[in-house]
file run-v7.cif (mmCIF, N, CA, C and O atoms)
data_entry
#
loop_
_atom_site.label_atom_id
_atom_site.label_comp_id
_atom_site.auth_asym_id
_atom_site.auth_seq_id
_atom_site.Cartn_x
_atom_site.Cartn_y
_atom_site.Cartn_z
N GLY A 1 34.12 -9.03 49.55
CA GLY A 1 33.95 -9.44 50.94
C GLY A 1 33.80 -8.27 51.89
O GLY A 1 33.09 -8.35 52.87
N ARG A 2 34.46 -7.12 51.61
CA ARG A 2 34.42 -6.00 52.55
C ARG A 2 33.60 -4.84 51.97
O ARG A 2 33.74 -3.72 52.39
N ARG A 3 32.75 -5.12 51.00
CA ARG A 3 31.97 -4.05 50.40
C ARG A 3 30.76 -3.71 51.27
O ARG A 3 30.28 -4.54 52.02
N ILE A 4 30.27 -2.50 51.14
CA ILE A 4 29.12 -2.04 51.90
C ILE A 4 27.88 -2.24 51.05
O ILE A 4 27.82 -1.76 49.91
N PRO A 5 26.86 -2.95 51.58
CA PRO A 5 25.65 -3.17 50.78
C PRO A 5 24.86 -1.89 50.56
O PRO A 5 24.88 -0.98 51.39
N VAL A 6 24.20 -1.83 49.41
CA VAL A 6 23.31 -0.72 49.07
C VAL A 6 21.89 -1.28 49.11
O VAL A 6 21.50 -2.06 48.24
N TRP A 7 21.13 -0.88 50.15
CA TRP A 7 19.77 -1.39 50.33
C TRP A 7 18.81 -0.53 49.54
O TRP A 7 18.98 0.68 49.51
N PRO A 8 17.82 -1.05 48.86
CA PRO A 8 17.29 -2.41 48.92
C PRO A 8 17.84 -3.34 47.84
O PRO A 8 17.36 -4.45 47.69
N PHE A 9 18.85 -2.92 47.10
CA PHE A 9 19.38 -3.77 46.04
C PHE A 9 20.15 -4.96 46.61
O PHE A 9 20.11 -6.04 46.05
N ASP A 10 20.86 -4.76 47.71
CA ASP A 10 21.59 -5.83 48.37
C ASP A 10 20.85 -6.19 49.65
O ASP A 10 20.19 -5.34 50.26
N PRO A 11 20.99 -7.43 50.10
CA PRO A 11 20.35 -7.80 51.36
C PRO A 11 20.97 -7.03 52.54
O PRO A 11 22.15 -6.67 52.50
N LEU A 12 20.15 -6.80 53.55
CA LEU A 12 20.66 -6.15 54.76
C LEU A 12 21.58 -7.12 55.50
O LEU A 12 21.24 -8.29 55.66
N PRO A 13 22.72 -6.64 55.98
CA PRO A 13 23.60 -7.51 56.76
C PRO A 13 23.06 -7.68 58.17
O PRO A 13 22.21 -6.91 58.63
N GLU A 14 23.54 -8.67 58.86
CA GLU A 14 23.17 -8.86 60.28
C GLU A 14 23.59 -7.64 61.11
O GLU A 14 22.91 -7.25 62.04
N ARG A 15 24.71 -7.06 60.75
CA ARG A 15 25.21 -5.86 61.43
C ARG A 15 26.21 -5.17 60.53
O ARG A 15 26.64 -5.73 59.53
N GLY A 16 26.53 -3.93 60.86
CA GLY A 16 27.50 -3.19 60.07
C GLY A 16 26.84 -2.14 59.20
O GLY A 16 25.63 -1.94 59.24
N PRO A 17 27.64 -1.46 58.39
CA PRO A 17 27.14 -0.33 57.60
C PRO A 17 26.26 -0.77 56.43
O PRO A 17 26.39 -1.87 55.91
N VAL A 18 25.35 0.12 56.06
CA VAL A 18 24.48 -0.04 54.90
C VAL A 18 24.31 1.34 54.29
O VAL A 18 24.16 2.33 55.00
N ILE A 19 24.34 1.41 52.98
CA ILE A 19 24.10 2.68 52.29
C ILE A 19 22.63 2.71 51.86
O ILE A 19 22.15 1.76 51.24
N ILE A 20 21.94 3.82 52.21
CA ILE A 20 20.57 4.02 51.76
C ILE A 20 20.44 5.47 51.33
O ILE A 20 21.21 6.33 51.74
N GLU A 21 19.45 5.74 50.48
CA GLU A 21 19.14 7.12 50.12
C GLU A 21 17.88 7.51 50.87
O GLU A 21 16.94 6.73 50.95
N ILE A 22 17.88 8.70 51.44
CA ILE A 22 16.70 9.16 52.15
C ILE A 22 16.39 10.60 51.76
O ILE A 22 17.24 11.30 51.21
N TYR A 23 15.18 11.01 52.03
CA TYR A 23 14.81 12.42 51.90
C TYR A 23 15.01 13.06 53.27
O TYR A 23 14.34 12.68 54.23
N THR A 24 15.90 14.01 53.35
CA THR A 24 16.20 14.64 54.64
C THR A 24 15.02 15.44 55.18
O THR A 24 14.98 15.75 56.37
N THR A 25 14.07 15.75 54.34
CA THR A 25 12.88 16.46 54.80
C THR A 25 12.12 15.65 55.84
O THR A 25 11.47 16.21 56.72
N MET A 26 12.21 14.33 55.77
CA MET A 26 11.55 13.49 56.77
C MET A 26 12.06 13.83 58.17
O MET A 26 11.29 13.94 59.12
N ALA A 27 13.36 13.99 58.30
CA ALA A 27 13.95 14.32 59.60
C ALA A 27 13.51 15.71 60.03
O ALA A 27 13.20 15.94 61.21
N ALA A 28 13.46 16.65 59.10
CA ALA A 28 13.04 18.01 59.42
C ALA A 28 11.59 18.03 59.92
O ALA A 28 11.28 18.70 60.91
N ARG A 29 10.72 17.28 59.26
CA ARG A 29 9.32 17.23 59.70
C ARG A 29 9.22 16.57 61.08
O ARG A 29 8.46 17.01 61.93
N ALA A 30 9.94 15.49 61.27
CA ALA A 30 9.91 14.79 62.57
C ALA A 30 10.44 15.68 63.69
O ALA A 30 10.05 15.54 64.85
N ALA A 31 11.33 16.62 63.34
CA ALA A 31 11.87 17.56 64.33
C ALA A 31 10.92 18.72 64.59
O ALA A 31 11.19 19.57 65.44
N GLY A 32 9.83 18.77 63.84
CA GLY A 32 8.85 19.83 64.05
C GLY A 32 9.07 21.08 63.24
O GLY A 32 8.42 22.11 63.49
N LEU A 33 9.97 21.04 62.26
CA LEU A 33 10.17 22.22 61.41
C LEU A 33 8.97 22.39 60.49
O LEU A 33 8.40 21.41 60.01
N PRO A 34 8.58 23.62 60.22
CA PRO A 34 7.43 23.84 59.34
C PRO A 34 7.72 23.37 57.91
O PRO A 34 8.87 23.23 57.50
N ALA A 35 6.66 23.14 57.17
CA ALA A 35 6.77 22.58 55.81
C ALA A 35 7.67 23.40 54.89
O ALA A 35 8.30 22.85 54.01
N ASN A 36 7.75 24.69 55.09
CA ASN A 36 8.59 25.51 54.21
C ASN A 36 9.99 25.73 54.77
O ASN A 36 10.73 26.57 54.28
N THR A 37 10.37 24.96 55.78
CA THR A 37 11.69 25.14 56.42
C THR A 37 12.38 23.80 56.60
O THR A 37 12.64 23.37 57.70
N SER A 38 12.70 23.13 55.50
CA SER A 38 13.39 21.85 55.64
C SER A 38 14.90 22.03 55.65
O SER A 38 15.63 21.13 56.05
N LYS A 39 15.39 23.19 55.24
CA LYS A 39 16.83 23.45 55.23
C LYS A 39 17.18 24.35 56.41
O LYS A 39 16.57 25.40 56.61
N ILE A 40 18.18 23.94 57.17
CA ILE A 40 18.61 24.68 58.36
C ILE A 40 19.94 25.35 58.05
O ILE A 40 20.87 24.69 57.61
N ARG A 41 20.02 26.65 58.34
CA ARG A 41 21.26 27.38 58.03
C ARG A 41 21.76 28.19 59.22
O ARG A 41 22.57 29.10 59.04
N ASP A 42 21.28 27.88 60.44
CA ASP A 42 21.80 28.58 61.62
C ASP A 42 21.81 27.61 62.81
O ASP A 42 21.05 26.65 62.85
N VAL A 43 22.72 27.88 63.73
CA VAL A 43 22.94 26.99 64.88
C VAL A 43 21.72 26.92 65.79
O VAL A 43 21.39 25.86 66.32
N GLU A 44 21.01 28.03 65.97
CA GLU A 44 19.86 28.03 66.87
C GLU A 44 18.76 27.09 66.38
O GLU A 44 18.20 26.30 67.16
N THR A 45 18.43 27.16 65.10
CA THR A 45 17.41 26.27 64.55
C THR A 45 17.89 24.83 64.60
O THR A 45 17.12 23.92 64.94
N LEU A 46 19.15 24.61 64.29
CA LEU A 46 19.70 23.26 64.36
C LEU A 46 19.60 22.71 65.78
O LEU A 46 19.18 21.57 65.98
N ALA A 47 19.95 23.51 66.77
CA ALA A 47 19.88 23.06 68.17
C ALA A 47 18.45 22.69 68.56
O ALA A 47 18.22 21.66 69.21
N ARG A 48 17.48 23.52 68.16
CA ARG A 48 16.08 23.22 68.47
C ARG A 48 15.64 21.91 67.80
O ARG A 48 14.98 21.07 68.42
N ALA A 49 16.00 21.74 66.54
CA ALA A 49 15.61 20.53 65.82
C ALA A 49 16.27 19.29 66.42
O ALA A 49 15.61 18.27 66.62
N LEU A 50 17.56 19.38 66.71
CA LEU A 50 18.27 18.23 67.29
C LEU A 50 17.73 17.85 68.66
O LEU A 50 17.73 16.68 69.04
N SER A 51 17.26 18.85 69.41
CA SER A 51 16.76 18.56 70.76
C SER A 51 15.55 17.62 70.73
O SER A 51 15.32 16.88 71.68
N LYS A 52 14.81 17.60 69.62
CA LYS A 52 13.68 16.68 69.49
C LYS A 52 14.14 15.22 69.51
O LYS A 52 13.36 14.32 69.79
N PHE A 53 15.42 15.01 69.21
CA PHE A 53 15.98 13.65 69.18
C PHE A 53 17.04 13.46 70.26
O PHE A 53 17.89 12.58 70.16
N GLU A 54 16.97 14.32 71.29
CA GLU A 54 17.90 14.26 72.41
C GLU A 54 19.35 14.35 71.95
O GLU A 54 20.22 13.59 72.39
N ALA A 55 19.61 15.28 71.05
CA ALA A 55 20.97 15.49 70.53
C ALA A 55 21.27 16.99 70.56
O ALA A 55 20.37 17.81 70.66
N LYS A 56 22.56 17.32 70.46
CA LYS A 56 23.01 18.71 70.43
C LYS A 56 23.95 18.90 69.25
O LYS A 56 24.59 17.95 68.81
N PRO A 57 24.07 20.14 68.77
CA PRO A 57 25.06 20.39 67.71
C PRO A 57 26.46 20.10 68.24
O PRO A 57 26.73 20.28 69.44
N PRO A 58 27.36 19.64 67.40
CA PRO A 58 28.74 19.41 67.85
C PRO A 58 29.37 20.72 68.30
O PRO A 58 29.08 21.79 67.75
N SER A 59 30.22 20.64 69.30
CA SER A 59 30.83 21.87 69.84
C SER A 59 31.75 22.55 68.83
O SER A 59 31.94 23.76 68.88
N LEU A 60 32.30 21.80 67.92
CA LEU A 60 33.21 22.37 66.92
C LEU A 60 32.58 22.34 65.54
O LEU A 60 33.14 21.81 64.59
N LEU A 61 31.40 22.91 65.43
CA LEU A 61 30.73 22.96 64.13
C LEU A 61 31.42 24.02 63.29
O LEU A 61 31.35 25.20 63.57
N HIS A 62 32.14 23.59 62.25
CA HIS A 62 32.95 24.50 61.44
C HIS A 62 32.16 25.27 60.40
O HIS A 62 32.55 26.35 59.99
N ARG A 63 31.07 24.70 59.96
CA ARG A 63 30.26 25.42 58.98
C ARG A 63 28.79 25.11 59.25
O ARG A 63 28.44 24.02 59.65
N VAL A 64 27.98 26.11 59.02
CA VAL A 64 26.53 25.93 59.19
C VAL A 64 25.90 26.21 57.84
O VAL A 64 25.62 27.34 57.48
N ASP A 65 25.76 25.15 57.06
CA ASP A 65 25.06 25.24 55.79
C ASP A 65 24.09 24.08 55.72
O ASP A 65 24.12 23.18 56.57
N ASP A 66 23.23 24.09 54.73
CA ASP A 66 22.21 23.07 54.69
C ASP A 66 22.75 21.66 54.47
O ASP A 66 22.11 20.69 54.85
N HIS A 67 23.94 21.51 53.94
CA HIS A 67 24.51 20.17 53.76
C HIS A 67 24.95 19.60 55.11
O HIS A 67 24.63 18.46 55.45
N ALA A 68 25.68 20.40 55.88
CA ALA A 68 26.13 19.95 57.20
C ALA A 68 24.95 19.71 58.13
O ALA A 68 24.90 18.70 58.84
N THR A 69 23.99 20.63 58.13
CA THR A 69 22.86 20.48 59.04
C THR A 69 21.95 19.32 58.62
O THR A 69 21.40 18.63 59.47
N ASP A 70 21.79 19.09 57.31
CA ASP A 70 21.04 17.91 56.85
C ASP A 70 21.66 16.64 57.41
O ASP A 70 20.96 15.76 57.91
N ALA A 71 22.97 16.53 57.32
CA ALA A 71 23.66 15.33 57.79
C ALA A 71 23.50 15.16 59.30
O ALA A 71 23.20 14.05 59.78
N LEU A 72 23.67 16.23 60.05
CA LEU A 72 23.54 16.14 61.51
C LEU A 72 22.13 15.79 61.94
O LEU A 72 21.92 14.90 62.78
N LEU A 73 21.15 16.49 61.39
CA LEU A 73 19.76 16.25 61.77
C LEU A 73 19.31 14.86 61.35
O LEU A 73 18.65 14.15 62.10
N THR A 74 19.69 14.45 60.14
CA THR A 74 19.29 13.14 59.65
C THR A 74 19.90 12.03 60.49
O THR A 74 19.24 11.04 60.81
N ALA A 75 21.16 12.17 60.87
CA ALA A 75 21.79 11.16 61.71
C ALA A 75 21.09 11.05 63.06
O ALA A 75 20.84 9.94 63.55
N ALA A 76 20.74 12.17 63.66
CA ALA A 76 20.03 12.15 64.95
C ALA A 76 18.66 11.51 64.79
O ALA A 76 18.23 10.68 65.60
N TRP A 77 17.95 11.88 63.71
CA TRP A 77 16.63 11.30 63.47
C TRP A 77 16.73 9.80 63.23
O TRP A 77 15.93 9.01 63.75
N MET A 78 17.72 9.38 62.42
CA MET A 78 17.85 7.95 62.11
C MET A 78 18.15 7.13 63.36
O MET A 78 17.70 5.99 63.48
N ARG A 79 18.91 7.69 64.30
CA ARG A 79 19.16 6.98 65.55
C ARG A 79 17.84 6.69 66.25
O ARG A 79 17.61 5.60 66.74
N SER A 80 16.94 7.66 66.22
CA SER A 80 15.62 7.49 66.82
C SER A 80 14.74 6.58 65.97
O SER A 80 14.10 5.66 66.47
N ALA A 81 14.71 6.82 64.66
CA ALA A 81 13.84 6.07 63.75
C ALA A 81 14.28 4.62 63.57
O ALA A 81 13.47 3.78 63.17
N SER A 82 15.52 4.32 63.86
CA SER A 82 16.01 2.95 63.65
C SER A 82 15.26 1.93 64.49
O SER A 82 15.27 0.75 64.18
N GLN A 83 14.59 2.39 65.52
CA GLN A 83 13.83 1.49 66.40
C GLN A 83 12.43 1.19 65.86
O GLN A 83 11.73 0.35 66.40
N ASN A 84 12.01 1.88 64.80
CA ASN A 84 10.67 1.70 64.24
C ASN A 84 10.76 0.77 63.03
O ASN A 84 11.04 1.20 61.91
N ALA A 85 10.46 -0.50 63.23
CA ALA A 85 10.60 -1.51 62.17
C ALA A 85 9.74 -1.21 60.95
O ALA A 85 10.11 -1.54 59.82
N ALA A 86 8.61 -0.56 61.14
CA ALA A 86 7.72 -0.26 60.01
C ALA A 86 8.40 0.65 58.99
O ALA A 86 8.11 0.58 57.80
N LEU A 87 9.31 1.51 59.44
CA LEU A 87 10.02 2.39 58.51
C LEU A 87 10.99 1.63 57.62
O LEU A 87 11.31 2.07 56.53
N TRP A 88 11.46 0.49 58.08
CA TRP A 88 12.49 -0.25 57.35
C TRP A 88 11.90 -1.34 56.46
O TRP A 88 12.60 -1.90 55.61
N SER A 89 10.65 -1.65 56.64
CA SER A 89 10.00 -2.70 55.84
C SER A 89 8.62 -2.22 55.43
O SER A 89 7.61 -2.73 55.92
N PRO A 90 8.53 -1.25 54.54
CA PRO A 90 7.22 -0.74 54.16
C PRO A 90 6.35 -1.83 53.54
O PRO A 90 6.82 -2.65 52.76
N GLU A 91 5.10 -1.80 53.89
CA GLU A 91 4.14 -2.81 53.47
C GLU A 91 4.07 -2.97 51.94
O GLU A 91 3.95 -4.07 51.42
N LEU A 92 4.16 -1.86 51.23
CA LEU A 92 4.00 -1.91 49.77
C LEU A 92 5.29 -2.22 49.01
O LEU A 92 5.26 -2.39 47.79
N LEU A 93 6.41 -2.30 49.69
CA LEU A 93 7.67 -2.56 49.01
C LEU A 93 7.84 -4.06 48.80
O LEU A 93 8.08 -4.80 49.73
N THR A 94 7.72 -4.49 47.56
CA THR A 94 7.92 -5.89 47.23
C THR A 94 9.37 -6.09 46.77
O THR A 94 10.03 -5.13 46.34
N PRO A 95 9.87 -7.30 46.83
CA PRO A 95 11.23 -7.54 46.31
C PRO A 95 11.36 -7.13 44.84
O PRO A 95 12.39 -6.63 44.43
N ASP A 96 10.29 -7.34 44.05
CA ASP A 96 10.33 -6.96 42.64
C ASP A 96 10.51 -5.46 42.48
O ASP A 96 11.33 -4.99 41.69
N ILE A 97 9.74 -4.66 43.24
CA ILE A 97 9.87 -3.20 43.16
C ILE A 97 11.27 -2.78 43.61
O ILE A 97 11.91 -1.95 42.98
N ALA A 98 11.74 -3.35 44.69
CA ALA A 98 13.07 -2.99 45.20
C ALA A 98 14.16 -3.27 44.18
O ALA A 98 15.06 -2.46 43.97
N GLN A 99 14.10 -4.42 43.53
CA GLN A 99 15.12 -4.79 42.55
C GLN A 99 15.00 -3.99 41.25
O GLN A 99 15.99 -3.63 40.65
N ARG A 100 13.79 -3.73 40.82
CA ARG A 100 13.57 -3.07 39.53
C ARG A 100 13.71 -1.56 39.63
O ARG A 100 14.30 -0.92 38.77
N GLU A 101 13.14 -0.97 40.68
CA GLU A 101 13.08 0.47 40.76
C GLU A 101 13.83 1.09 41.94
O GLU A 101 14.01 2.28 42.00
N GLY A 102 14.22 0.26 42.87
CA GLY A 102 14.84 0.80 44.07
C GLY A 102 13.80 1.41 44.98
O GLY A 102 12.60 1.30 44.76
N TRP A 103 14.26 2.05 45.99
CA TRP A 103 13.34 2.68 46.94
C TRP A 103 14.11 3.74 47.69
O TRP A 103 15.19 3.49 48.20
N THR A 104 13.59 4.94 47.71
CA THR A 104 14.20 6.01 48.49
C THR A 104 13.54 5.99 49.85
O THR A 104 12.31 6.04 49.95
N PHE A 105 14.33 5.89 50.89
CA PHE A 105 13.82 5.74 52.25
C PHE A 105 12.74 6.77 52.53
O PHE A 105 12.96 7.96 52.41
N GLY A 106 11.54 6.31 52.85
CA GLY A 106 10.45 7.19 53.18
C GLY A 106 9.54 7.54 52.04
O GLY A 106 8.52 8.16 52.24
N VAL A 107 9.88 7.14 50.84
CA VAL A 107 9.05 7.48 49.69
C VAL A 107 8.71 6.19 48.96
O VAL A 107 9.59 5.42 48.62
N LEU A 108 7.45 5.95 48.73
CA LEU A 108 7.03 4.74 48.02
C LEU A 108 6.03 5.11 46.97
O LEU A 108 5.21 5.94 47.14
#

call {"tool": "encode", "arguments": {"input": "run-v7.cif", "output": "C-alpha cells"}}
result
Amino acid sequence: GRRIPVWPFDPLPERGPVIIEIYTTMAARAAGLPANTSKIRDVETLARALSKFEAKPPSLLHRVDDHATDALLTAAWMRSASQNAALWSPELLTPDIAQREGWTFGVL
C-alpha cells in the first residue's frame, strides 16, 4: 500500500513519488553544457548550469563531485521538464516495450 511505483513497470500514481531512471546527460545538454562536459565538478559551472532552470546551488553544498552535481542539476531540469508531456509519454513507447524491456527516461 505504501510502496513507491517504478515507472514504466508500475502505473503512474495520480500524485506522489515515482522512481524512474534517467540519463543525467539530458539535463546537462538542456543546461547548455558542451557535449564533452556532462559531468560538473566545480561550483561555478554548476551555478551557470542551474541558472538555465532558474535555480541556484544550495548555500551549504558540502561536496562538489559529479554525483552531487548530477543530482542537483537533474532535479532542477526535471522541475522544468515535468511540464512537457511529450517527455513523459514518448510516441514509440508501447505498453509491451515498457513491460518487457523497460525504458530509461529520454532514451528509446

call {"tool": "select_by_dssp", "arguments": {"input": "run-v7.cif", "residues": "chain A", "states": "helix (DSSP H, G or I)", "output": "count of residues only"}}
result
42

call {"tool": "closest_residue", "arguments": {"input": "run-v7.cif", "among": "A:Leu72, A:Ala49, A:Leu33, A:Val6", "to": "A:Ile20", "atoms": "all atoms listed in the file"}}
result
A:Val6

call {"tool": "resolve_selection", "arguments": {"input": "run-v7.cif", "expression": "the PyMOL selection byres ((chain A and resi 53) around 8)", "output": "JSON, numbers by chain"}}
result
{"A": [30, 31, 47, 48, 49, 50, 51, 52, 54, 55, 56, 73, 75, 76, 77, 79, 80]}

call {"tool": "write_last_selection", "arguments": {"input": "run-v7.cif", "atoms": "N, CA, C and O atoms", "output": "tab-separated table (two decimals), in the frame of the given file"}}
result
chain	number	residue	atom	x	y	z
A	30	ALA	N	9.94	15.49	61.27
A	30	ALA	CA	9.91	14.79	62.57
A	30	ALA	C	10.44	15.68	63.69
A	30	ALA	O	10.05	15.54	64.85
A	31	ALA	N	11.33	16.62	63.34
A	31	ALA	CA	11.87	17.56	64.33
A	31	ALA	C	10.92	18.72	64.59
A	31	ALA	O	11.19	19.57	65.44
A	47	ALA	N	19.95	23.51	66.77
A	47	ALA	CA	19.88	23.06	68.17
A	47	ALA	C	18.45	22.69	68.56
A	47	ALA	O	18.22	21.66	69.21
A	48	ARG	N	17.48	23.52	68.16
A	48	ARG	CA	16.08	23.22	68.47
A	48	ARG	C	15.64	21.91	67.80
A	48	ARG	O	14.98	21.07	68.42
A	49	ALA	N	16.00	21.74	66.54
A	49	ALA	CA	15.61	20.53	65.82
A	49	ALA	C	16.27	19.29	66.42
A	49	ALA	O	15.61	18.27	66.62
A	50	LEU	N	17.56	19.38	66.71
A	50	LEU	CA	18.27	18.23	67.29
A	50	LEU	C	17.73	17.85	68.66
A	50	LEU	O	17.73	16.68	69.04
A	51	SER	N	17.26	18.85	69.41
A	51	SER	CA	16.76	18.56	70.76
A	51	SER	C	15.55	17.62	70.73
A	51	SER	O	15.32	16.88	71.68
A	52	LYS	N	14.81	17.60	69.62
A	52	LYS	CA	13.68	16.68	69.49
A	52	LYS	C	14.14	15.22	69.51
A	52	LYS	O	13.36	14.32	69.79
A	54	GLU	N	16.97	14.32	71.29
A	54	GLU	CA	17.90	14.26	72.41
A	54	GLU	C	19.35	14.35	71.95
A	54	GLU	O	20.22	13.59	72.39
A	55	ALA	N	19.61	15.28	71.05
A	55	ALA	CA	20.97	15.49	70.53
A	55	ALA	C	21.27	16.99	70.56
A	55	ALA	O	20.37	17.81	70.66
A	56	LYS	N	22.56	17.32	70.46
A	56	LYS	CA	23.01	18.71	70.43
A	56	LYS	C	23.95	18.90	69.25
A	56	LYS	O	24.59	17.95	68.81
A	73	LEU	N	21.15	16.49	61.39
A	73	LEU	CA	19.76	16.25	61.77
A	73	LEU	C	19.31	14.86	61.35
A	73	LEU	O	18.65	14.15	62.10
A	75	ALA	N	21.16	12.17	60.87
A	75	ALA	CA	21.79	11.16	61.71
A	75	ALA	C	21.09	11.05	63.06
A	75	ALA	O	20.84	9.94	63.55
A	76	ALA	N	20.74	12.17	63.66
A	76	ALA	CA	20.03	12.15	64.95
A	76	ALA	C	18.66	11.51	64.79
A	76	ALA	O	18.23	10.68	65.60
A	77	TRP	N	17.95	11.88	63.71
A	77	TRP	CA	16.63	11.30	63.47
A	77	TRP	C	16.73	9.80	63.23
A	77	TRP	O	15.93	9.01	63.75
A	79	ARG	N	18.91	7.69	64.30
A	79	ARG	CA	19.16	6.98	65.55
A	79	ARG	C	17.84	6.69	66.25
A	79	ARG	O	17.61	5.60	66.74
A	80	SER	N	16.94	7.66	66.22
A	80	SER	CA	15.62	7.49	66.82
A	80	SER	C	14.74	6.58	65.97
A	80	SER	O	14.10	5.66	66.47

call {"tool": "residues_around", "arguments": {"input": "run-v7.cif", "residues": "A:Thr69", "least_positions_apart": "4", "cutoff": "9 Å", "atoms": "only C-alpha atoms", "output": "PyMOL selection string"}}
result
chain A and resi 39-43+46+57+63-65+73-74

call {"tool": "write_last_selection", "arguments": {"input": "run-v7.cif", "atoms": "N, CA, C and O atoms", "output": "PDB file, in the frame of the given file"}}
result
ATOM      1  N   LYS A  39      15.390  23.190  55.240  1.00  0.00           N
ATOM      2  CA  LYS A  39      16.830  23.450  55.230  1.00  0.00           C
ATOM      3  C   LYS A  39      17.180  24.350  56.410  1.00  0.00           C
ATOM      4  O   LYS A  39      16.570  25.400  56.610  1.00  0.00           O
ATOM      5  N   ILE A  40      18.180  23.940  57.170  1.00  0.00           N
ATOM      6  CA  ILE A  40      18.610  24.680  58.360  1.00  0.00           C
ATOM      7  C   ILE A  40      19.940  25.350  58.050  1.00  0.00           C
ATOM      8  O   ILE A  40      20.870  24.690  57.610  1.00  0.00           O
ATOM      9  N   ARG A  41      20.020  26.650  58.340  1.00  0.00           N
ATOM     10  CA  ARG A  41      21.260  27.380  58.030  1.00  0.00           C
ATOM     11  C   ARG A  41      21.760  28.190  59.220  1.00  0.00           C
ATOM     12  O   ARG A  41      22.570  29.100  59.040  1.00  0.00           O
ATOM     13  N   ASP A  42      21.280  27.880  60.440  1.00  0.00           N
ATOM     14  CA  ASP A  42      21.800  28.580  61.620  1.00  0.00           C
ATOM     15  C   ASP A  42      21.810  27.610  62.810  1.00  0.00           C
ATOM     16  O   ASP A  42      21.050  26.650  62.850  1.00  0.00           O
ATOM     17  N   VAL A  43      22.720  27.880  63.730  1.00  0.00           N
ATOM     18  CA  VAL A  43      22.940  26.990  64.880  1.00  0.00           C
ATOM     19  C   VAL A  43      21.720  26.920  65.790  1.00  0.00           C
ATOM     20  O   VAL A  43      21.390  25.860  66.320  1.00  0.00           O
ATOM     21  N   LEU A  46      19.150  24.610  64.290  1.00  0.00           N
ATOM     22  CA  LEU A  46      19.700  23.260  64.360  1.00  0.00           C
ATOM     23  C   LEU A  46      19.600  22.710  65.780  1.00  0.00           C
ATOM     24  O   LEU A  46      19.180  21.570  65.980  1.00  0.00           O
ATOM     25  N   PRO A  57      24.070  20.140  68.770  1.00  0.00           N
ATOM     26  CA  PRO A  57      25.060  20.390  67.710  1.00  0.00           C
ATOM     27  C   PRO A  57      26.460  20.100  68.240  1.00  0.00           C
ATOM     28  O   PRO A  57      26.730  20.280  69.440  1.00  0.00           O
ATOM     29  N   ARG A  63      31.070  24.700  59.960  1.00  0.00           N
ATOM     30  CA  ARG A  63      30.260  25.420  58.980  1.00  0.00           C
ATOM     31  C   ARG A  63      28.790  25.110  59.250  1.00  0.00           C
ATOM     32  O   ARG A  63      28.440  24.020  59.650  1.00  0.00           O
ATOM     33  N   VAL A  64      27.980  26.110  59.020  1.00  0.00           N
ATOM     34  CA  VAL A  64      26.530  25.930  59.190  1.00  0.00           C
ATOM     35  C   VAL A  64      25.900  26.210  57.840  1.00  0.00           C
ATOM     36  O   VAL A  64      25.620  27.340  57.480  1.00  0.00           O
ATOM     37  N   ASP A  65      25.760  25.150  57.060  1.00  0.00           N
ATOM     38  CA  ASP A  65      25.060  25.240  55.790  1.00  0.00           C
ATOM     39  C   ASP A  65      24.090  24.080  55.720  1.00  0.00           C
ATOM     40  O   ASP A  65      24.120  23.180  56.570  1.00  0.00           O
ATOM     41  N   LEU A  73      21.150  16.490  61.390  1.00  0.00           N
ATOM     42  CA  LEU A  73      19.760  16.250  61.770  1.00  0.00           C
ATOM     43  C   LEU A  73      19.310  14.860  61.350  1.00  0.00           C
ATOM     44  O   LEU A  73      18.650  14.150  62.100  1.00  0.00           O
ATOM     45  N   THR A  74      19.690  14.450  60.140  1.00  0.00           N
ATOM     46  CA  THR A  74      19.290  13.140  59.650  1.00  0.00           C
ATOM     47  C   THR A  74      19.900  12.030  60.490  1.00  0.00           C
ATOM     48  O   THR A  74      19.240  11.040  60.810  1.00  0.00           O
TER      49      THR A  74
END

call {"tool": "atom_distance", "arguments": {"input": "run-v7.cif", "atom1": "atom N of A:Glu21", "atom2": "atom CA of A:Ser82"}}
result
13.9 Å

call {"tool": "atom_distance", "arguments": {"input": "run-v7.cif", "atom1": "atom CA of A:Leu60", "atom2": "atom C of A:Asn36"}}
result
26.4 Å

call {"tool": "closest_residue", "arguments": {"input": "run-v7.cif", "among": "A:Ala86, A:Asp70, A:Ser59, A:Pro95", "to": "A:Ala27", "atoms": "all atoms listed in the file"}}
result
A:Asp70

call {"tool": "atom_distance", "arguments": {"input": "run-v7.cif", "atom1": "atom CA of A:Val18", "atom2": "atom CA of A:Met78"}}
result
12.6 Å

call {"tool": "closest_residue", "arguments": {"input": "run-v7.cif", "among": "A:Glu44, A:Pro5, A:His67, A:Asp96", "to": "A:Thr24", "atoms": "only C-alpha atoms"}}
result
A:His67

call {"tool": "resolve_selection", "arguments": {"input": "run-v7.cif", "expression": "the PyMOL selection byres (((chain A and resi 9 and name CA) around 10) and name CA)", "output": "list in words"}}
result
Pro5, Val6, Trp7, Pro8, Asp10, Pro11, Leu12, Ile20, Pro95, Ile97, Ala98, Gln99, Arg100, Glu101, Gly102 and Trp103 of chain A

call {"tool": "decode", "arguments": {"input": "run-v7.cif", "residues": "stretch 54-58 of chain A", "atoms": "N, CA, C and O atoms", "output": "short mmCIF file (atom, residue, chain, number, x, y, z; two decimals), in the first residue's frame"}}
result
data_model
loop_
_atom_site.label_atom_id
_atom_site.label_comp_id
_atom_site.auth_asym_id
_atom_site.auth_seq_id
_atom_site.Cartn_x
_atom_site.Cartn_y
_atom_site.Cartn_z
N GLU A 54 16.48 28.46 -13.62
CA GLU A 54 16.10 29.39 -12.56
C GLU A 54 16.34 28.79 -11.17
O GLU A 54 15.49 28.87 -10.28
N ALA A 55 17.50 28.18 -11.00
CA ALA A 55 17.87 27.57 -9.72
C ALA A 55 19.29 28.00 -9.37
O ALA A 55 20.04 28.46 -10.23
N LYS A 56 19.65 27.85 -8.10
CA LYS A 56 20.99 28.17 -7.61
C LYS A 56 21.53 26.99 -6.82
O LYS A 56 20.76 26.21 -6.26
N PRO A 57 22.86 26.88 -6.73
CA PRO A 57 23.42 25.83 -5.87
C PRO A 57 23.00 26.07 -4.42
O PRO A 57 22.83 27.22 -4.01
N PRO A 58 22.82 25.02 -3.65
CA PRO A 58 22.48 25.20 -2.23
C PRO A 58 23.61 25.93 -1.51
O PRO A 58 24.78 25.76 -1.84
#
